[in-house]
Amino acid sequence: MASRKILFVAPEVDPFVKVGGLADMVGALPKALADLGHDVRIVCPLYRSVRRTGFWRPRPEPLGIDVGPAALWARTWETHLPGTSVPCYFLENDALYGRPGVYGEGNASYPDNDQRFIALSRGALTLCLQLDWIPDVVHAHDWTTGWIPVLLNTVLRDSPLGGAASVFTVHNLEHQGYAAREAVEYARIPPSEFHPRSLEALGAANPMKGGLYHATKITTVSPTYAQEIRRPESGCGLDDVLRFRGADLIGILNGIDLDSWNPATDPTLPARYGPDDLAGKAICKAALQHRLGLRESPEIPVFGVVARLVHQKGLDLLATALPAVLATQNLQIALLGSGDPALENAFRRLAAEAPGRVGVQIGFDASLARLIQAGSDSFIMPSRSEPCGLTQLYAMRYGTPPVVRATGGLIDTVTPYDEATGGGLGFRFKEATAEALAEAIGSACSTYHDRPAHFAALRDRGLRGDFGWGRSAAAYAQVYEWAVHARRGGDLAASA
């Protein structure tokens, strides 16, 4: 397979700036692709919250971006993904990006997000021309960069970038970036693209829809999610577009960074451990119980939760189920999260009503998140929808069998426990109800107490599992080849 030049354009990239799983993918997949011999580069905005780790240098030339009524100017900073030779370029424009948030603050999005991410999309492509580095493939991520496939197919089709294929990854279809129709004018995209087979939806501009129509190839972050979003109940109003583009829609399961997420080397843990020596996991459990005020006992199973407290993640199901679970099961709950104020208060009340059994911290703490993964015996993830999910992969990697709802990537990653054979990786339930969740937690709890050999086998398979990016990177490399072939025509050899 030919070595390719691949440009990633994304609103976040770990470890510099992270809101969700998109950042994990953009921070990890390029490393795996570089290991396969590809020339990969990344472009992201320079928010005020970006962590400037490693060596950074400003490029001497200002970057003129052809958006709006007059050209916009940005400064470009260059660094590398830590531990790699993958270049990362950050676009600095204080008027657009010099803010504490990525998409907004509190529960409100920034009102000019359309302009902010149109500038990112066009700026990343203009930077390629300035660098005299023309990618074979531009890999765009979610609605923020849905403008890129449209730009490549219209105003840039006759430029040196015209031969670049586009791959558009849908991380979460629920967020589509609706904007006023004037956004199309701001992007300097022909007004003719404001129609239902391109950028128009419900009388507004929809960059997610534009990306889906114009991308050379489309991917999602799990095979099951790629099927689910073709159906009206999961397509968020775009299921007809996804069925129309079905031949170009491929589901590829996300991986995780096995170097970062490794209980044998994780420096944030009070003790390290692996499949052949679990003493460190017991130490982590005791530390977690102490930190969250749980009764310190090695015999009582701890069920961990690290999540945004929102409807999609199904944490209202857990809040409803917990009183009955606590009344019937010998277990503890360790929860870290924030989101819906009503849910935050519900879990605070549960912790107050069950001291020593429910430990809750509202907010986010990266070290505590890892301690919950390592110190828990099982991990609860009752999502109503989950395009891929990464926390269940982290949990299994840390020897913590998850309890998950059968949806999206959770189906693809967590094979269910088989009572007859002891096989599987975790516990699954189907219906998005508190009763079904309570039953699944009960199954995990009874397995822990009554079938310790089975539970130990679940833990061991997770610890020894391969959840890295190797296979997925090879699959993406194949998609890039298909995209280049489709963009340039002819046989694959001619597209090399």
# chains A, B, ... in the order shown; residues from 1 in each chain; ligands from 1

$ closest_atom_pairs --of "range 396-480 of chain A" --to "range 165-173 of chain A" --cutoff "10 Å" --atoms "only C-alpha atoms" --output "JSON lines"
{"residue": "A:Tyr476", "atom": "CA", "partner": "A:Val167", "partner_atom": "CA", "distance": 9.5}
{"residue": "A:Val479", "atom": "CA", "partner": "A:Val167", "partner_atom": "CA", "distance": 8.1}
{"residue": "A:Tyr480", "atom": "CA", "partner": "A:Val167", "partner_atom": "CA", "distance": 7.3}

$ write_last_selection --atoms "C-alpha atoms" --output "PDB file, in the first residue's frame"
ATOM      1  CA  TYR A 476      -8.209   3.667   7.761  1.00  0.00           C
ATOM      2  CA  VAL A 479     -10.192   3.749   3.293  1.00  0.00           C
ATOM      3  CA  TYR A 480      -7.680   6.421   2.272  1.00  0.00           C
TER       4      TYR A 480
END

$ residues_around --residues "range 285-300 of chain A" --least-positions-apart "4" --cutoff "9 Å" --atoms "only C-alpha atoms" --output "list of chain:residue names"
A:Pro270, A:Gly280, A:Lys281, A:Asn330, A:Leu331, A:Gln332, A:Ile333, A:Ala334, A:Leu335, A:Pro355, A:Gly356, A:Arg357, A:Val358, A:Gly359, A:Val360, A:Gln361, A:Leu368, A:Leu371, A:Ile372, A:Ala374, A:Gly375, A:Ser376, A:Asp377, A:His449

$ write_last_selection --atoms "C-alpha atoms" --output "PDB file, in the first residue's frame"
ATOM      1  CA  PRO A 270      -0.832   4.667  43.676  1.00  0.00           C
ATOM      2  CA  GLY A 280      -1.482  -3.149  42.673  1.00  0.00           C
ATOM      3  CA  LYS A 281      -5.151  -3.217  41.683  1.00  0.00           C
ATOM      4  CA  ASN A 330     -23.781  -5.697  48.492  1.00  0.00           C
ATOM      5  CA  LEU A 331     -21.789  -3.140  46.484  1.00  0.00           C
ATOM      6  CA  GLN A 332     -20.399   0.388  46.412  1.00  0.00           C
ATOM      7  CA  ILE A 333     -20.642   3.154  43.802  1.00  0.00           C
ATOM      8  CA  ALA A 334     -17.771   5.528  42.896  1.00  0.00           C
ATOM      9  CA  LEU A 335     -18.961   8.298  40.557  1.00  0.00           C
ATOM     10  CA  PRO A 355     -22.681   7.207  53.314  1.00  0.00           C
ATOM     11  CA  GLY A 356     -19.859   4.747  52.910  1.00  0.00           C
ATOM     12  CA  ARG A 357     -21.660   3.060  50.005  1.00  0.00           C
ATOM     13  CA  VAL A 358     -21.976   5.855  47.420  1.00  0.00           C
ATOM     14  CA  GLY A 359     -19.063   8.207  46.781  1.00  0.00           C
ATOM     15  CA  VAL A 360     -19.621  11.116  44.405  1.00  0.00           C
ATOM     16  CA  GLN A 361     -17.401  13.885  43.097  1.00  0.00           C
ATOM     17  CA  LEU A 368      -9.458  10.449  39.827  1.00  0.00           C
ATOM     18  CA  LEU A 371      -8.142   5.792  39.749  1.00  0.00           C
ATOM     19  CA  ILE A 372     -11.814   4.879  39.269  1.00  0.00           C
ATOM     20  CA  ALA A 374      -8.149   1.026  38.125  1.00  0.00           C
ATOM     21  CA  GLY A 375      -9.695   0.789  41.592  1.00  0.00           C
ATOM     22  CA  SER A 376     -13.191  -0.317  40.615  1.00  0.00           C
ATOM     23  CA  ASP A 377     -14.201  -3.942  40.196  1.00  0.00           C
ATOM     24  CA  HIS A 449     -19.634 -12.773  44.891  1.00  0.00           C
TER      25      HIS A 449
END

$ closest_residue --among "A:Ala444, A:Ile65, A:Leu72, A:Ala164" --to "Leu127 in chain A" --atoms "only C-alpha atoms"
A:Ile65

$ closest_atom_pairs --of "range 294-350 of chain A" --to "range 387-405 of chain A" --cutoff "10 Å" --atoms "only C-alpha atoms" --output "Markdown table"
| residue | atom | partner | partner_atom | distance |
| --- | --- | --- | --- | --- |
| A:Val302 | CA | A:Thr400 | CA | 9.8 |
| A:Phe303 | CA | A:Pro402 | CA | 8.9 |
| A:Gly304 | CA | A:Thr400 | CA | 8.9 |
| A:Val305 | CA | A:Thr391 | CA | 9.3 |
| A:Val306 | CA | A:Thr391 | CA | 7.7 |
| A:Ala307 | CA | A:Thr391 | CA | 8.5 |
| A:Lys313 | CA | A:Arg405 | CA | 10.0 |
| A:Gly314 | CA | A:Arg405 | CA | 9.1 |

$ residues_around --residues "Glu228 in chain A" --least-positions-apart "2" --cutoff "10 Å" --atoms "only C-alpha atoms" --output "ChimeraX atom specification"
/A:223-226,230-235,239,385,387,407-408

$ write_last_selection --atoms "C-alpha atoms" --output "PDB file, in the first residue's frame"
ATOM      1  CA  PRO A 223     -19.532  -0.713  12.743  1.00  0.00           C
ATOM      2  CA  THR A 224     -22.798  -0.880  14.699  1.00  0.00           C
ATOM      3  CA  TYR A 225     -23.143   2.913  14.813  1.00  0.00           C
ATOM      4  CA  ALA A 226     -22.660   2.998  11.031  1.00  0.00           C
ATOM      5  CA  ARG A 230     -29.092   4.863   8.677  1.00  0.00           C
ATOM      6  CA  ARG A 231     -32.379   4.342  10.550  1.00  0.00           C
ATOM      7  CA  PRO A 232     -34.854   7.166  11.306  1.00  0.00           C
ATOM      8  CA  GLU A 233     -34.783   6.559  15.061  1.00  0.00           C
ATOM      9  CA  SER A 234     -31.007   7.102  15.223  1.00  0.00           C
ATOM     10  CA  GLY A 235     -30.290   9.232  12.145  1.00  0.00           C
ATOM     11  CA  ASP A 239     -30.740   9.039   7.896  1.00  0.00           C
ATOM     12  CA  SER A 385     -26.530   5.969  22.391  1.00  0.00           C
ATOM     13  CA  PRO A 387     -21.093   5.975  18.697  1.00  0.00           C
ATOM     14  CA  THR A 407     -25.920   0.152  21.605  1.00  0.00           C
ATOM     15  CA  GLY A 408     -23.375   1.441  19.076  1.00  0.00           C
TER      16      GLY A 408
END

$ residues_around --residues "Ala247 in chain A" --least-positions-apart "2" --cutoff "12 Å" --atoms "only C-alpha atoms" --output "PDB file with N, CA and C atoms, in the first residue's frame"
ATOM      1  N   THR A 216     -15.547  12.320   0.036  1.00  0.00           N
ATOM      2  CA  THR A 216     -15.252  11.193  -0.846  1.00  0.00           C
ATOM      3  C   THR A 216     -15.635   9.882  -0.174  1.00  0.00           C
ATOM      4  N   LYS A 217     -15.248   9.731   1.085  1.00  0.00           N
ATOM      5  CA  LYS A 217     -15.637   8.571   1.890  1.00  0.00           C
ATOM      6  C   LYS A 217     -16.042   9.064   3.279  1.00  0.00           C
ATOM      7  N   ILE A 218     -16.920   8.311   3.926  1.00  0.00           N
ATOM      8  CA  ILE A 218     -17.429   8.656   5.249  1.00  0.00           C
ATOM      9  C   ILE A 218     -17.135   7.502   6.189  1.00  0.00           C
ATOM     10  N   THR A 219     -16.676   7.828   7.393  1.00  0.00           N
ATOM     11  CA  THR A 219     -16.500   6.785   8.402  1.00  0.00           C
ATOM     12  C   THR A 219     -17.230   7.179   9.671  1.00  0.00           C
ATOM     13  N   ALA A 226     -22.505   2.743  12.466  1.00  0.00           N
ATOM     14  CA  ALA A 226     -22.660   2.998  11.031  1.00  0.00           C
ATOM     15  C   ALA A 226     -23.971   2.440  10.514  1.00  0.00           C
ATOM     16  N   GLN A 227     -24.452   1.376  11.121  1.00  0.00           N
ATOM     17  CA  GLN A 227     -25.751   0.822  10.741  1.00  0.00           C
ATOM     18  C   GLN A 227     -26.894   1.561  11.423  1.00  0.00           C
ATOM     19  N   ARG A 230     -28.337   4.924   9.931  1.00  0.00           N
ATOM     20  CA  ARG A 230     -29.092   4.863   8.677  1.00  0.00           C
ATOM     21  C   ARG A 230     -30.591   4.738   8.935  1.00  0.00           C
ATOM     22  N   VAL A 241     -29.790  10.899   4.080  1.00  0.00           N
ATOM     23  CA  VAL A 241     -28.480  11.212   3.493  1.00  0.00           C
ATOM     24  C   VAL A 241     -27.538  10.030   3.665  1.00  0.00           C
ATOM     25  N   LEU A 242     -27.545   9.433   4.837  1.00  0.00           N
ATOM     26  CA  LEU A 242     -26.630   8.331   5.120  1.00  0.00           C
ATOM     27  C   LEU A 242     -26.990   7.083   4.328  1.00  0.00           C
ATOM     28  N   ARG A 243     -28.273   6.866   4.083  1.00  0.00           N
ATOM     29  CA  ARG A 243     -28.647   5.751   3.211  1.00  0.00           C
ATOM     30  C   ARG A 243     -28.220   6.049   1.775  1.00  0.00           C
ATOM     31  N   PHE A 244     -28.381   7.299   1.350  1.00  0.00           N
ATOM     32  CA  PHE A 244     -27.965   7.700   0.004  1.00  0.00           C
ATOM     33  C   PHE A 244     -26.462   7.483  -0.197  1.00  0.00           C
ATOM     34  N   ARG A 245     -25.666   7.775   0.845  1.00  0.00           N
ATOM     35  CA  ARG A 245     -24.211   7.610   0.765  1.00  0.00           C
ATOM     36  C   ARG A 245     -23.749   6.267   1.329  1.00  0.00           C
ATOM     37  N   LEU A 249     -20.030   4.631   3.217  1.00  0.00           N
ATOM     38  CA  LEU A 249     -20.061   4.757   4.674  1.00  0.00           C
ATOM     39  C   LEU A 249     -19.479   3.505   5.318  1.00  0.00           C
ATOM     40  N   ILE A 250     -18.404   3.681   6.073  1.00  0.00           N
ATOM     41  CA  ILE A 250     -17.693   2.545   6.669  1.00  0.00           C
ATOM     42  C   ILE A 250     -17.564   2.772   8.171  1.00  0.00           C
ATOM     43  N   GLY A 251     -17.886   1.771   8.959  1.00  0.00           N
ATOM     44  CA  GLY A 251     -17.705   1.844  10.408  1.00  0.00           C
ATOM     45  C   GLY A 251     -16.390   1.204  10.812  1.00  0.00           C
ATOM     46  N   TRP A 482      -9.046   3.861  -0.997  1.00  0.00           N
ATOM     47  CA  TRP A 482     -10.310   3.892  -1.731  1.00  0.00           C
ATOM     48  C   TRP A 482     -10.686   5.336  -2.072  1.00  0.00           C
TER      49      TRP A 482
END

$ residues_around --residues "Arg461 in chain A" --least-positions-apart "4" --cutoff "12 Å" --atoms "only C-alpha atoms" --output "list of chain:residue names"
A:Gly274, A:Pro275, A:Asp276, A:Ala395, A:Met396, A:Arg397, A:Tyr398, A:Gly399, A:Thr400, A:Pro401, A:Val414, A:Thr415, A:Tyr417, A:Gly422, A:Gly423, A:Gly424, A:Leu425, A:Gly426, A:His454, A:Phe455, A:Ala456, A:Ala457, A:Gly465, A:Asp466, A:Phe467

$ atom_distance --atom1 "CA of Glu200 in chain A" --atom2 "CA of Thr220 in chain A"
22.0 Å

$ closest_residue --among "A:Leu151, A:Arg188, A:Asp35, A:Arg99" --to "Pro69 in chain A" --atoms "only C-alpha atoms"
A:Arg188

$ select_by_dssp --residues "range 216-447 of chain A" --states "strand (DSSP E)" --output "ChimeraX atom specification"
/A:217-220,249-251,302-309,332-339,358-362,378-381,402-405,427-429

$ write_last_selection --atoms "C-alpha atoms" --output "mmCIF file, in the first residue's frame"
data_model
loop_
_atom_site.group_PDB
_atom_site.id
_atom_site.type_symbol
_atom_site.label_atom_id
_atom_site.label_comp_id
_atom_site.auth_asym_id
_atom_site.auth_seq_id
_atom_site.Cartn_x
_atom_site.Cartn_y
_atom_site.Cartn_z
ATOM 1 C CA LYS A 217 -15.637 8.571 1.890
ATOM 2 C CA ILE A 218 -17.429 8.656 5.249
ATOM 3 C CA THR A 219 -16.500 6.785 8.402
ATOM 4 C CA THR A 220 -18.034 6.378 11.820
ATOM 5 C CA LEU A 249 -20.061 4.757 4.674
ATOM 6 C CA ILE A 250 -17.693 2.545 6.669
ATOM 7 C CA GLY A 251 -17.705 1.844 10.408
ATOM 8 C CA VAL A 302 -16.867 -1.164 43.736
ATOM 9 C CA PHE A 303 -18.804 -0.122 40.621
ATOM 10 C CA GLY A 304 -17.230 2.907 38.960
ATOM 11 C CA VAL A 305 -18.761 5.639 36.804
ATOM 12 C CA VAL A 306 -16.922 8.362 34.876
ATOM 13 C CA ALA A 307 -19.312 10.223 32.594
ATOM 14 C CA ARG A 308 -21.034 13.382 31.540
ATOM 15 C CA LEU A 309 -24.297 13.503 33.463
ATOM 16 C CA GLN A 332 -20.399 0.388 46.412
ATOM 17 C CA ILE A 333 -20.642 3.154 43.802
ATOM 18 C CA ALA A 334 -17.771 5.528 42.896
ATOM 19 C CA LEU A 335 -18.961 8.298 40.557
ATOM 20 C CA LEU A 336 -17.182 11.198 38.873
ATOM 21 C CA GLY A 337 -19.038 13.484 36.471
ATOM 22 C CA SER A 338 -20.839 16.729 35.802
ATOM 23 C CA GLY A 339 -23.590 17.978 33.547
ATOM 24 C CA VAL A 358 -21.976 5.855 47.420
ATOM 25 C CA GLY A 359 -19.063 8.207 46.781
ATOM 26 C CA VAL A 360 -19.621 11.116 44.405
ATOM 27 C CA GLN A 361 -17.401 13.885 43.097
ATOM 28 C CA ILE A 362 -19.033 16.440 40.796
ATOM 29 C CA SER A 378 -16.768 -3.159 37.504
ATOM 30 C CA PHE A 379 -17.648 -0.101 35.430
ATOM 31 C CA ILE A 380 -21.150 1.167 34.612
ATOM 32 C CA MET A 381 -21.929 2.696 31.199
ATOM 33 C CA PRO A 402 -17.987 -3.104 32.294
ATOM 34 C CA VAL A 403 -21.777 -3.119 32.535
ATOM 35 C CA VAL A 404 -23.034 -1.539 29.294
ATOM 36 C CA ARG A 405 -26.197 -1.044 27.305
ATOM 37 C CA PHE A 427 -22.254 -7.488 31.113
ATOM 38 C CA ARG A 428 -24.802 -6.114 28.639
ATOM 39 C CA PHE A 429 -28.463 -5.128 28.851
#

$ atom_distance --atom1 "CA of Trp73 in chain A" --atom2 "CA of Leu129 in chain A"
15.1 Å

$ residues_around --residues "Ala474 in chain A" --least-positions-apart "4" --cutoff "9 Å" --atoms "only C-alpha atoms" --output "PyMOL selection string"
chain A and resi 32-33+36+469-470+478-479

$ residues_around --residues "Leu318 in chain A" --least-positions-apart "3" --cutoff "10 Å" --atoms "only C-alpha atoms" --output "VMD selection string"
chain A and resid 305 313 to 315 321 to 323 325 343 347 380 to 382 433 to 435 437 to 438 441

$ write_last_selection --atoms "C-alpha atoms" --output "mmCIF file, in the first residue's frame"
data_model
loop_
_atom_site.group_PDB
_atom_site.id
_atom_site.type_symbol
_atom_site.label_atom_id
_atom_site.label_comp_id
_atom_site.auth_asym_id
_atom_site.auth_seq_id
_atom_site.Cartn_x
_atom_site.Cartn_y
_atom_site.Cartn_z
ATOM 1 C CA VAL A 305 -18.761 5.639 36.804
ATOM 2 C CA LYS A 313 -25.170 8.758 28.716
ATOM 3 C CA GLY A 314 -28.156 7.251 30.555
ATOM 4 C CA LEU A 315 -27.079 8.423 33.999
ATOM 5 C CA ALA A 321 -32.039 2.330 39.688
ATOM 6 C CA LEU A 322 -29.642 2.925 42.580
ATOM 7 C CA PRO A 323 -32.065 2.900 45.549
ATOM 8 C CA VAL A 325 -29.776 -1.755 43.756
ATOM 9 C CA LEU A 343 -28.652 14.797 37.957
ATOM 10 C CA PHE A 347 -26.293 11.804 42.944
ATOM 11 C CA ILE A 380 -21.150 1.167 34.612
ATOM 12 C CA MET A 381 -21.929 2.696 31.199
ATOM 13 C CA PRO A 382 -25.715 2.778 30.571
ATOM 14 C CA THR A 433 -34.739 1.303 31.499
ATOM 15 C CA ALA A 434 -33.729 1.528 35.136
ATOM 16 C CA GLU A 435 -35.051 -2.005 35.662
ATOM 17 C CA LEU A 437 -29.814 -1.637 34.267
ATOM 18 C CA ALA A 438 -30.502 -2.801 37.825
ATOM 19 C CA ILE A 441 -25.698 -4.617 37.827
#

$ closest_residue --among "A:Ala183, A:Ala352, A:Ala264, A:Val155" --to "Pro111 in chain A" --atoms "only C-alpha atoms"
A:Ala183

$ closest_residue --among "A:Lys31, A:Ala180, A:Gly101, A:Ile229" --to "Ser49 in chain A" --atoms "only C-alpha atoms"
A:Gly101

$ atom_distance --atom1 "CA of Leu131 in chain A" --atom2 "CA of Glu92 in chain A"
16.6 Å

$ closest_residue --among "A:Phe55, A:Tyr186, A:Tyr103, A:Phe90" --to "Leu120 in chain A" --atoms "only C-alpha atoms"
A:Phe90
